[in-house]
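Okay, target39.cif now, which holds mmCIF, C-alpha atoms:
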data_protein
#
loop_
_atom_site.group_PDB
_atom_site.id
_atom_site.type_symbol
_atom_site.label_atom_id
_atom_site.label_comp_id
_atom_site.auth_asym_id
_atom_site.auth_seq_id
_atom_site.Cartn_x
_atom_site.Cartn_y
_atom_site.Cartn_z
ATOM 1 C CA MET A 21 20.928 -12.317 76.638
ATOM 2 C CA SER A 22 20.367 -14.866 79.187
ATOM 3 C CA ASP A 23 17.882 -14.402 82.061
ATOM 4 C CA ASP A 24 20.625 -13.948 84.640
ATOM 5 C CA LEU A 25 22.159 -11.001 82.755
ATOM 6 C CA ARG A 26 18.908 -9.142 82.378
ATOM 7 C CA PRO A 27 18.158 -6.393 84.880
ATOM 8 C CA PRO A 28 15.370 -7.080 87.369
ATOM 9 C CA VAL A 29 11.841 -6.202 86.234
ATOM 10 C CA ALA A 30 11.666 -3.144 88.492
ATOM 11 C CA ALA A 31 14.811 -1.691 86.913
ATOM 12 C CA ARG A 32 13.604 -2.139 83.371
ATOM 13 C CA THR A 33 12.266 0.864 81.518
ATOM 14 C CA VAL A 34 8.841 0.376 80.143
ATOM 15 C CA ILE A 35 8.129 2.425 77.066
ATOM 16 C CA GLY A 36 4.736 3.953 76.470
ATOM 17 C CA THR A 37 3.475 3.939 80.024
ATOM 18 C CA ALA A 38 4.143 7.541 80.974
ATOM 19 C CA ALA A 39 1.234 9.911 81.484
ATOM 20 C CA GLY A 40 0.047 11.502 78.219
ATOM 21 C CA GLN A 41 1.783 8.877 76.114
ATOM 22 C CA PRO A 42 -0.227 6.529 73.957
ATOM 23 C CA ARG A 43 -0.160 2.990 75.148
ATOM 24 C CA LEU A 44 1.935 0.657 73.024
ATOM 25 C CA ASP A 45 0.627 -2.566 74.350
ATOM 26 C CA THR A 46 -2.831 -3.765 73.498
ATOM 27 C CA ALA A 47 -5.072 -4.888 76.268
ATOM 28 C CA GLY A 48 -2.153 -5.324 78.569
ATOM 29 C CA ALA A 49 -0.332 -7.780 76.318
ATOM 30 C CA VAL A 50 3.140 -6.764 75.347
ATOM 31 C CA ARG A 51 4.125 -7.443 71.763
ATOM 32 C CA PRO A 52 7.623 -8.659 71.353
ATOM 33 C CA LEU A 53 9.899 -6.560 69.193
ATOM 34 C CA GLY A 54 11.168 -8.183 66.032
ATOM 35 C CA THR A 55 9.789 -9.656 62.818
ATOM 36 C CA THR A 56 6.751 -11.847 62.766
ATOM 37 C CA GLY A 57 6.551 -13.268 59.252
ATOM 38 C CA SER A 58 5.466 -11.005 56.441
ATOM 39 C CA VAL A 59 5.595 -7.243 56.668
ATOM 40 C CA LEU A 60 2.916 -6.766 54.022
ATOM 41 C CA PRO A 61 -0.627 -7.792 54.670
ATOM 42 C CA GLU A 62 -1.945 -10.801 52.843
ATOM 43 C CA LEU A 63 -4.205 -9.862 49.949
ATOM 44 C CA ALA A 64 -7.127 -12.001 49.070
ATOM 45 C CA GLU A 65 -6.935 -13.072 45.424
ATOM 46 C CA ALA A 66 -9.457 -11.292 43.273
ATOM 47 C CA PRO A 67 -11.447 -13.631 41.096
ATOM 48 C CA GLN A 68 -10.224 -13.525 37.489
ATOM 49 C CA ALA A 69 -12.939 -12.178 35.200
ATOM 50 C CA GLU A 70 -12.771 -13.914 31.829
ATOM 51 C CA ARG A 71 -12.312 -11.504 28.929
ATOM 52 C CA LYS A 72 -14.879 -11.438 26.209
ATOM 53 C CA TRP A 73 -13.473 -12.588 22.859
ATOM 54 C CA TRP A 74 -13.788 -9.115 21.326
ATOM 55 C CA ARG A 75 -11.758 -7.553 24.160
ATOM 56 C CA HIS A 76 -8.835 -9.958 23.858
ATOM 57 C CA PRO A 77 -5.614 -8.136 22.844
ATOM 58 C CA ALA A 78 -4.869 -10.494 19.950
ATOM 59 C CA PHE A 79 -8.315 -9.913 18.485
ATOM 60 C CA ILE A 80 -8.006 -6.136 18.852
ATOM 61 C CA VAL A 81 -4.582 -6.152 17.162
ATOM 62 C CA SER A 82 -5.780 -8.352 14.298
ATOM 63 C CA ILE A 83 -8.837 -6.153 13.706
ATOM 64 C CA GLY A 84 -6.632 -3.052 13.726
ATOM 65 C CA LEU A 85 -4.211 -4.566 11.228
ATOM 66 C CA THR A 86 -7.078 -5.717 9.010
ATOM 67 C CA VAL A 87 -8.557 -2.224 8.983
ATOM 68 C CA LEU A 88 -5.143 -0.753 8.122
ATOM 69 C CA ALA A 89 -4.677 -3.274 5.299
ATOM 70 C CA LEU A 90 -8.112 -2.476 3.856
ATOM 71 C CA LEU A 91 -7.454 1.265 4.062
ATOM 72 C CA GLY A 92 -4.112 0.752 2.343
ATOM 73 C CA LEU A 93 -5.763 -1.290 -0.413
ATOM 74 C CA ALA A 94 -8.430 1.363 -0.931
ATOM 75 C CA ALA A 95 -5.799 4.114 -1.095
ATOM 76 C CA TRP A 96 -3.721 2.099 -3.560
ATOM 77 C CA LEU A 97 -6.739 1.471 -5.808
ATOM 78 C CA VAL A 98 -7.744 5.144 -5.788
ATOM 79 C CA ILE A 99 -4.215 6.363 -6.470
ATOM 80 C CA SER A 100 -3.627 3.828 -9.247
ATOM 81 C CA ALA A 101 -6.946 4.745 -10.877
ATOM 82 C CA LEU A 102 -6.186 8.465 -10.739
ATOM 83 C CA THR A 103 -2.601 8.157 -11.913
ATOM 84 C CA ASP A 104 -3.008 5.674 -14.762
ATOM 85 C CA ASP A 105 0.349 5.900 -16.489
ATOM 86 C CA SER A 106 -0.244 3.202 -19.074
ATOM 87 C CA VAL A 107 0.483 4.136 -22.660
ATOM 88 C CA ARG A 108 -2.536 5.413 -24.632
ATOM 89 C CA VAL A 109 -2.239 6.825 -28.130
ATOM 90 C CA THR A 110 -4.447 9.920 -28.579
ATOM 91 C CA GLY A 111 -4.977 12.443 -31.320
ATOM 92 C CA LEU A 112 -3.427 10.491 -34.213
ATOM 93 C CA ASP A 113 -3.085 12.830 -37.196
ATOM 94 C CA ILE A 114 -1.885 12.047 -40.717
ATOM 95 C CA ALA A 115 -0.478 14.694 -43.064
ATOM 96 C CA ASP A 116 1.074 14.787 -46.532
ATOM 97 C CA ASP A 117 4.391 16.616 -46.487
ATOM 98 C CA GLY A 118 5.829 16.748 -49.991
ATOM 99 C CA GLY A 119 4.632 13.250 -50.872
ATOM 100 C CA ASN A 120 5.815 11.804 -47.567
ATOM 101 C CA VAL A 121 3.412 10.729 -44.839
ATOM 102 C CA HIS A 122 3.856 12.469 -41.501
ATOM 103 C CA LEU A 123 2.061 10.842 -38.534
ATOM 104 C CA THR A 124 1.753 12.622 -35.178
ATOM 105 C CA TRP A 125 -0.085 11.675 -31.997
ATOM 106 C CA GLY A 126 -0.421 12.783 -28.395
ATOM 107 C CA ASP A 127 2.722 12.045 -26.384
ATOM 108 C CA PRO A 128 1.922 8.748 -24.641
ATOM 109 C CA HIS A 129 5.035 8.797 -22.368
ATOM 110 C CA GLY A 130 5.995 5.300 -23.472
ATOM 111 C CA ASP A 131 6.999 3.072 -26.348
ATOM 112 C CA VAL A 132 4.581 2.733 -29.270
ATOM 113 C CA ALA A 133 4.512 0.476 -32.307
ATOM 114 C CA LEU A 134 3.610 1.611 -35.845
ATOM 115 C CA TYR A 135 2.103 -0.748 -38.409
ATOM 116 C CA ALA A 136 1.097 -0.240 -42.041
ATOM 117 C CA VAL A 137 -1.986 -2.263 -42.983
ATOM 118 C CA HIS A 138 -2.340 -2.540 -46.764
ATOM 119 C CA GLY A 139 -5.635 -3.001 -48.611
ATOM 120 C CA ASP A 140 -4.854 -6.684 -49.305
ATOM 121 C CA GLY A 141 -4.453 -7.371 -45.530
ATOM 122 C CA GLU A 142 -0.645 -7.375 -45.476
ATOM 123 C CA ILE A 143 0.753 -5.910 -42.237
ATOM 124 C CA VAL A 144 4.196 -4.271 -42.166
ATOM 125 C CA ASP A 145 5.923 -3.278 -38.907
ATOM 126 C CA LEU A 146 7.255 0.290 -39.215
ATOM 127 C CA THR A 147 8.156 0.808 -35.553
ATOM 128 C CA GLN A 148 11.736 1.716 -36.505
ATOM 129 C CA LEU A 149 10.370 4.952 -38.070
ATOM 130 C CA VAL A 150 8.908 6.185 -34.750
ATOM 131 C CA HIS A 151 10.725 9.110 -33.112
ATOM 132 C CA GLY A 152 9.062 10.318 -29.914
ATOM 133 C CA HIS A 153 5.441 11.015 -30.805
ATOM 134 C CA GLU A 154 5.802 11.230 -34.570
ATOM 135 C CA ALA A 155 6.816 9.153 -37.562
ATOM 136 C CA TRP A 156 7.865 10.010 -41.121
ATOM 137 C CA VAL A 157 7.163 7.467 -43.853
ATOM 138 C CA PRO A 158 9.053 8.498 -47.020
ATOM 139 C CA ALA A 159 7.254 7.960 -50.322
ATOM 140 C CA ALA A 160 10.493 6.671 -51.908
ATOM 141 C CA THR A 161 10.461 3.593 -49.657
ATOM 142 C CA ALA A 162 7.166 2.321 -51.140
ATOM 143 C CA LEU A 163 6.000 1.338 -47.645
ATOM 144 C CA TYR A 164 2.494 2.657 -48.272
ATOM 145 C CA GLU A 165 -0.055 2.949 -51.052
ATOM 146 C CA SER A 166 -3.308 4.863 -51.448
ATOM 147 C CA ASP A 167 -5.242 2.080 -49.661
ATOM 148 C CA THR A 168 -2.823 1.783 -46.689
ATOM 149 C CA CYS A 169 -3.857 2.573 -43.142
ATOM 150 C CA PHE A 170 -1.461 3.129 -40.255
ATOM 151 C CA VAL A 171 -2.014 1.748 -36.748
ATOM 152 C CA VAL A 172 -0.236 3.277 -33.751
ATOM 153 C CA ARG A 173 -0.625 1.407 -30.450
ATOM 154 C CA PRO A 174 1.417 0.693 -27.311
ATOM 155 C CA ALA A 175 4.445 -1.494 -28.015
ATOM 156 C CA SER A 176 3.465 -3.785 -25.132
ATOM 157 C CA THR A 177 0.300 -4.895 -26.964
ATOM 158 C CA THR A 178 0.756 -8.408 -28.328
ATOM 159 C CA ALA A 179 -2.669 -8.994 -29.920
ATOM 160 C CA ASP A 180 -3.166 -9.081 -33.671
ATOM 161 C CA VAL A 181 -3.128 -5.750 -35.499
ATOM 162 C CA SER A 182 -6.649 -4.673 -36.416
ATOM 163 C CA LEU A 183 -8.314 -1.637 -37.966
ATOM 164 C CA ASP A 184 -11.527 -2.235 -36.017
ATOM 165 C CA ALA A 185 -12.252 0.843 -33.874
ATOM 166 C CA ALA A 186 -13.466 -1.197 -30.884
ATOM 167 C CA THR A 187 -10.408 -3.449 -30.976
ATOM 168 C CA LEU A 188 -8.064 -0.467 -31.295
ATOM 169 C CA GLY A 189 -9.857 1.255 -28.413
ATOM 170 C CA SER A 190 -9.346 -1.766 -26.153
ATOM 171 C CA GLN A 191 -5.674 -1.866 -27.210
ATOM 172 C CA ARG A 192 -5.327 1.881 -26.466
ATOM 173 C CA GLY A 193 -4.345 2.615 -30.057
ATOM 174 C CA GLN A 194 -5.617 4.584 -33.067
ATOM 175 C CA SER A 195 -5.514 4.333 -36.840
ATOM 176 C CA ALA A 196 -5.302 6.775 -39.759
ATOM 177 C CA CYS A 197 -5.537 6.035 -43.482
ATOM 178 C CA VAL A 198 -3.732 7.505 -46.488
ATOM 179 C CA ALA A 199 -7.114 7.830 -48.201
ATOM 180 C CA ASP A 200 -8.028 10.444 -45.544
ATOM 181 C CA LEU A 201 -5.260 12.754 -46.818
ATOM 182 C CA GLY A 202 -7.324 13.873 -49.842
ATOM 183 C CA ALA A 203 -10.454 14.477 -47.789
#
For the file at hand, write its structure as structure tokens.
Amino acid sequence: MSDDLRPPVAARTVIGTAAGQPRLDTAGAVRPLGTTGSVLPELAEAPQAERKWWRHPAFIVSIGLTVLALLGLAAWLVISALTDDSVRVTGLDIADDGGNVHLTWGDPHGDVALYAVHGDGEIVDLTQLVHGHEAWVPAATALYESDTCFVVRPASTTADVSLDAATLGSQRGQSACVADLGA
């Protein structure tokens, strides 16, 4: 609006000057209506406090993951120690059944190998005679003599066959001799 179109000052309505009304102008100065820059007040920037290294998010996450990995390792070690499912031959027994040798042992839940160790040191693999947790060695096959000992151990063992008790123990196997049948 131009000044010539505006009503004279006496004809203008002044807001906030009536009795009992709060005064809109401050100290007699009239604020113009309209926008004056920003509506929000300016905030002073807070000084940035530097985080300590142990409170940094990356450090906290890495510590948490390390703790979880160590707990997982500990749980795995405990569970694997308690549930050792490796083959171990236990309770090997030898019996004479009508001139045939019958070998039985505790069920190892795995493949085992059977060897005949003769008195002269000759070793014969008799694994094909194993059925479950027993083996029959017929007398007619001449696979054993009175000085023969039988070794039953896990099939996964690749070390030399031995009748030494300590060696058999480390291989998780056992031995029984034909000479023990008469005793």
Atomic separation - CA of Ala133 (chain A) relative to CA of Asp145 (chain A), Å: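 According to the coordinates, CA of Asp145 (chain A) and CA of Ala133 (chain A) are separated by 7.7 Å.
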Please determine, counting only C-alpha atoms, which residue among A:Ala89, A:Leu163, A:Ala115, A:Ala136 has the shortest atom-to-atom distance to Leu201 (chain A). A:Ala115
Could you tell me which residues the PyMOL selection byres ((chain A and resi 178-187) around 12) returns for this structure, as an MDAnalysis selection string? chainID A and resid 132:139 141:145 168:177 188:197
Rank A:Pro158, A:Gly130, A:Gly84, A:Pro67 by their smallest atom-to-atom distance to Gly118 (chain A), using only C-alpha atoms, and report the top residue only.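 Of A:Pro158, A:Gly130, A:Gly84, A:Pro67, the one nearest Gly118 (chain A) is A:Pro158, counting only C-alpha atoms.
A straight line drawn from CA of Val150 (chain A) to CA of Trp125 (chain A) is 10.9 Å long.
You will find CA of Ser100 (chain A) at 18.0 Å from CA of Leu88 (chain A).
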Enclosing box along x, y and z for every listed atom of region 124-137 of chain A, padded 5 Å each side, centre and size in Å, one decimal, as lines of an AutoDock Vina configuration file:
center_x = 2.5
center_y = 5.3
center_z = -32.7
size_x = 19.0
size_y = 25.0
size_z = 30.6
Once you count all atoms listed in the file, which residues end up no further than 9 Å from (5.7, 8.5, -45.9) in the file's frame, shown as number ranges by chain? A: 116-117, 119-123, 155-164
Give as a PyMOL selection string each residue that has an atom at most 10 Å from (4.1, 13.4, -27.8) in the file, counting all atoms listed in the file. chain A and resi 109-111+124-130+151-154
Saved selection, atoms kept: C-alpha atoms, as a compact mmCIF listing (two decimals), in the coordinates of the input:
# COMPACT_ATOMS: atom_id res chain seq x y z
CA VAL A 109 -2.24 6.82 -28.13
CA THR A 110 -4.45 9.92 -28.58
CA GLY A 111 -4.98 12.44 -31.32
CA THR A 124 1.75 12.62 -35.18
CA TRP A 125 -0.08 11.68 -32.00
CA GLY A 126 -0.42 12.78 -28.40
CA ASP A 127 2.72 12.04 -26.38
CA PRO A 128 1.92 8.75 -24.64
CA HIS A 129 5.04 8.80 -22.37
CA GLY A 130 6.00 5.30 -23.47
CA HIS A 151 10.72 9.11 -33.11
CA GLY A 152 9.06 10.32 -29.91
CA HIS A 153 5.44 11.02 -30.80
CA GLU A 154 5.80 11.23 -34.57
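Here the question is which of A:Asp140, A:Asp131, A:Asp200, A:Glu165 gets nearest to Ile114 (chain A) using all atoms listed in the file, and that residue is A:Asp200.
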Give the answer as one residue: which of A:Asp167, A:Leu60, A:Leu146, A:Ala39 has the shortest atom-to-atom distance to Ala199 (chain A), using all atoms listed in the file?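 Of A:Asp167, A:Leu60, A:Leu146, A:Ala39, the one nearest Ala199 (chain A), counting all atoms listed in the file, is A:Asp167.
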Will you model all heavy atoms for region 79-90 of chain A and pass it back as a short mmCIF file (atom, residue, chain, number, x, y, z; two decimals), in the coordinates of the input?
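To be explicit, this is the file written out as out.cif:
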data_model
loop_
_atom_site.label_atom_id
_atom_site.label_comp_id
_atom_site.auth_asym_id
_atom_site.auth_seq_id
_atom_site.Cartn_x
_atom_site.Cartn_y
_atom_site.Cartn_z
N PHE A 79 -7.21 -10.23 19.38
CA PHE A 79 -8.32 -9.91 18.48
C PHE A 79 -8.29 -8.43 18.12
O PHE A 79 -8.47 -8.06 16.96
CB PHE A 79 -9.65 -10.27 19.15
CG PHE A 79 -10.84 -9.94 18.30
CD1 PHE A 79 -11.18 -10.74 17.22
CD2 PHE A 79 -11.62 -8.83 18.57
CE1 PHE A 79 -12.27 -10.43 16.43
CE2 PHE A 79 -12.71 -8.51 17.79
CZ PHE A 79 -13.03 -9.32 16.72
N ILE A 80 -8.04 -7.58 19.10
CA ILE A 80 -8.01 -6.14 18.85
C ILE A 80 -6.88 -5.79 17.88
O ILE A 80 -7.06 -5.01 16.95
CB ILE A 80 -7.87 -5.37 20.18
CG1 ILE A 80 -9.13 -5.57 21.03
CG2 ILE A 80 -7.61 -3.90 19.94
CD1 ILE A 80 -9.01 -5.07 22.46
N VAL A 81 -5.71 -6.41 18.06
CA VAL A 81 -4.58 -6.15 17.16
C VAL A 81 -4.90 -6.64 15.75
O VAL A 81 -4.64 -5.94 14.77
CB VAL A 81 -3.29 -6.82 17.70
CG1 VAL A 81 -2.20 -6.83 16.66
CG2 VAL A 81 -2.83 -6.10 18.95
N SER A 82 -5.48 -7.83 15.64
CA SER A 82 -5.78 -8.35 14.30
C SER A 82 -6.85 -7.52 13.60
O SER A 82 -6.76 -7.29 12.39
CB SER A 82 -6.21 -9.82 14.37
OG SER A 82 -7.44 -9.94 15.05
N ILE A 83 -7.82 -7.03 14.31
CA ILE A 83 -8.84 -6.15 13.71
C ILE A 83 -8.19 -4.84 13.26
O ILE A 83 -8.45 -4.34 12.17
CB ILE A 83 -10.00 -5.88 14.68
CG1 ILE A 83 -10.82 -7.14 14.86
CG2 ILE A 83 -10.87 -4.75 14.21
CD1 ILE A 83 -11.50 -7.62 13.60
N GLY A 84 -7.33 -4.29 14.09
CA GLY A 84 -6.63 -3.05 13.73
C GLY A 84 -5.78 -3.23 12.48
O GLY A 84 -5.80 -2.39 11.58
N LEU A 85 -5.04 -4.32 12.40
CA LEU A 85 -4.21 -4.57 11.23
C LEU A 85 -5.05 -4.82 9.98
O LEU A 85 -4.69 -4.41 8.88
CB LEU A 85 -3.27 -5.74 11.48
CG LEU A 85 -2.16 -5.47 12.50
CD1 LEU A 85 -1.36 -6.74 12.75
CD2 LEU A 85 -1.26 -4.36 12.03
N THR A 86 -6.18 -5.49 10.15
CA THR A 86 -7.08 -5.72 9.01
C THR A 86 -7.63 -4.40 8.48
O THR A 86 -7.69 -4.17 7.28
CB THR A 86 -8.23 -6.66 9.42
OG1 THR A 86 -7.67 -7.89 9.88
CG2 THR A 86 -9.16 -6.92 8.26
N VAL A 87 -8.04 -3.53 9.39
CA VAL A 87 -8.56 -2.22 8.98
C VAL A 87 -7.47 -1.43 8.26
O VAL A 87 -7.73 -0.81 7.22
CB VAL A 87 -9.12 -1.45 10.20
CG1 VAL A 87 -9.37 0.00 9.86
CG2 VAL A 87 -10.39 -2.12 10.70
N LEU A 88 -6.25 -1.46 8.78
CA LEU A 88 -5.14 -0.75 8.12
C LEU A 88 -4.86 -1.33 6.73
O LEU A 88 -4.62 -0.58 5.78
CB LEU A 88 -3.88 -0.83 8.98
CG LEU A 88 -3.85 0.09 10.19
CD1 LEU A 88 -2.58 -0.18 11.01
CD2 LEU A 88 -3.93 1.54 9.79
N ALA A 89 -4.92 -2.65 6.60
CA ALA A 89 -4.68 -3.27 5.30
C ALA A 89 -5.78 -2.89 4.31
O ALA A 89 -5.49 -2.59 3.14
CB ALA A 89 -4.61 -4.79 5.44
N LEU A 90 -7.02 -2.85 4.74
CA LEU A 90 -8.11 -2.48 3.86
C LEU A 90 -8.02 -1.00 3.46
O LEU A 90 -8.28 -0.65 2.30
CB LEU A 90 -9.46 -2.77 4.51
CG LEU A 90 -9.80 -4.26 4.65
CD1 LEU A 90 -11.09 -4.44 5.43
CD2 LEU A 90 -9.88 -4.93 3.31
#
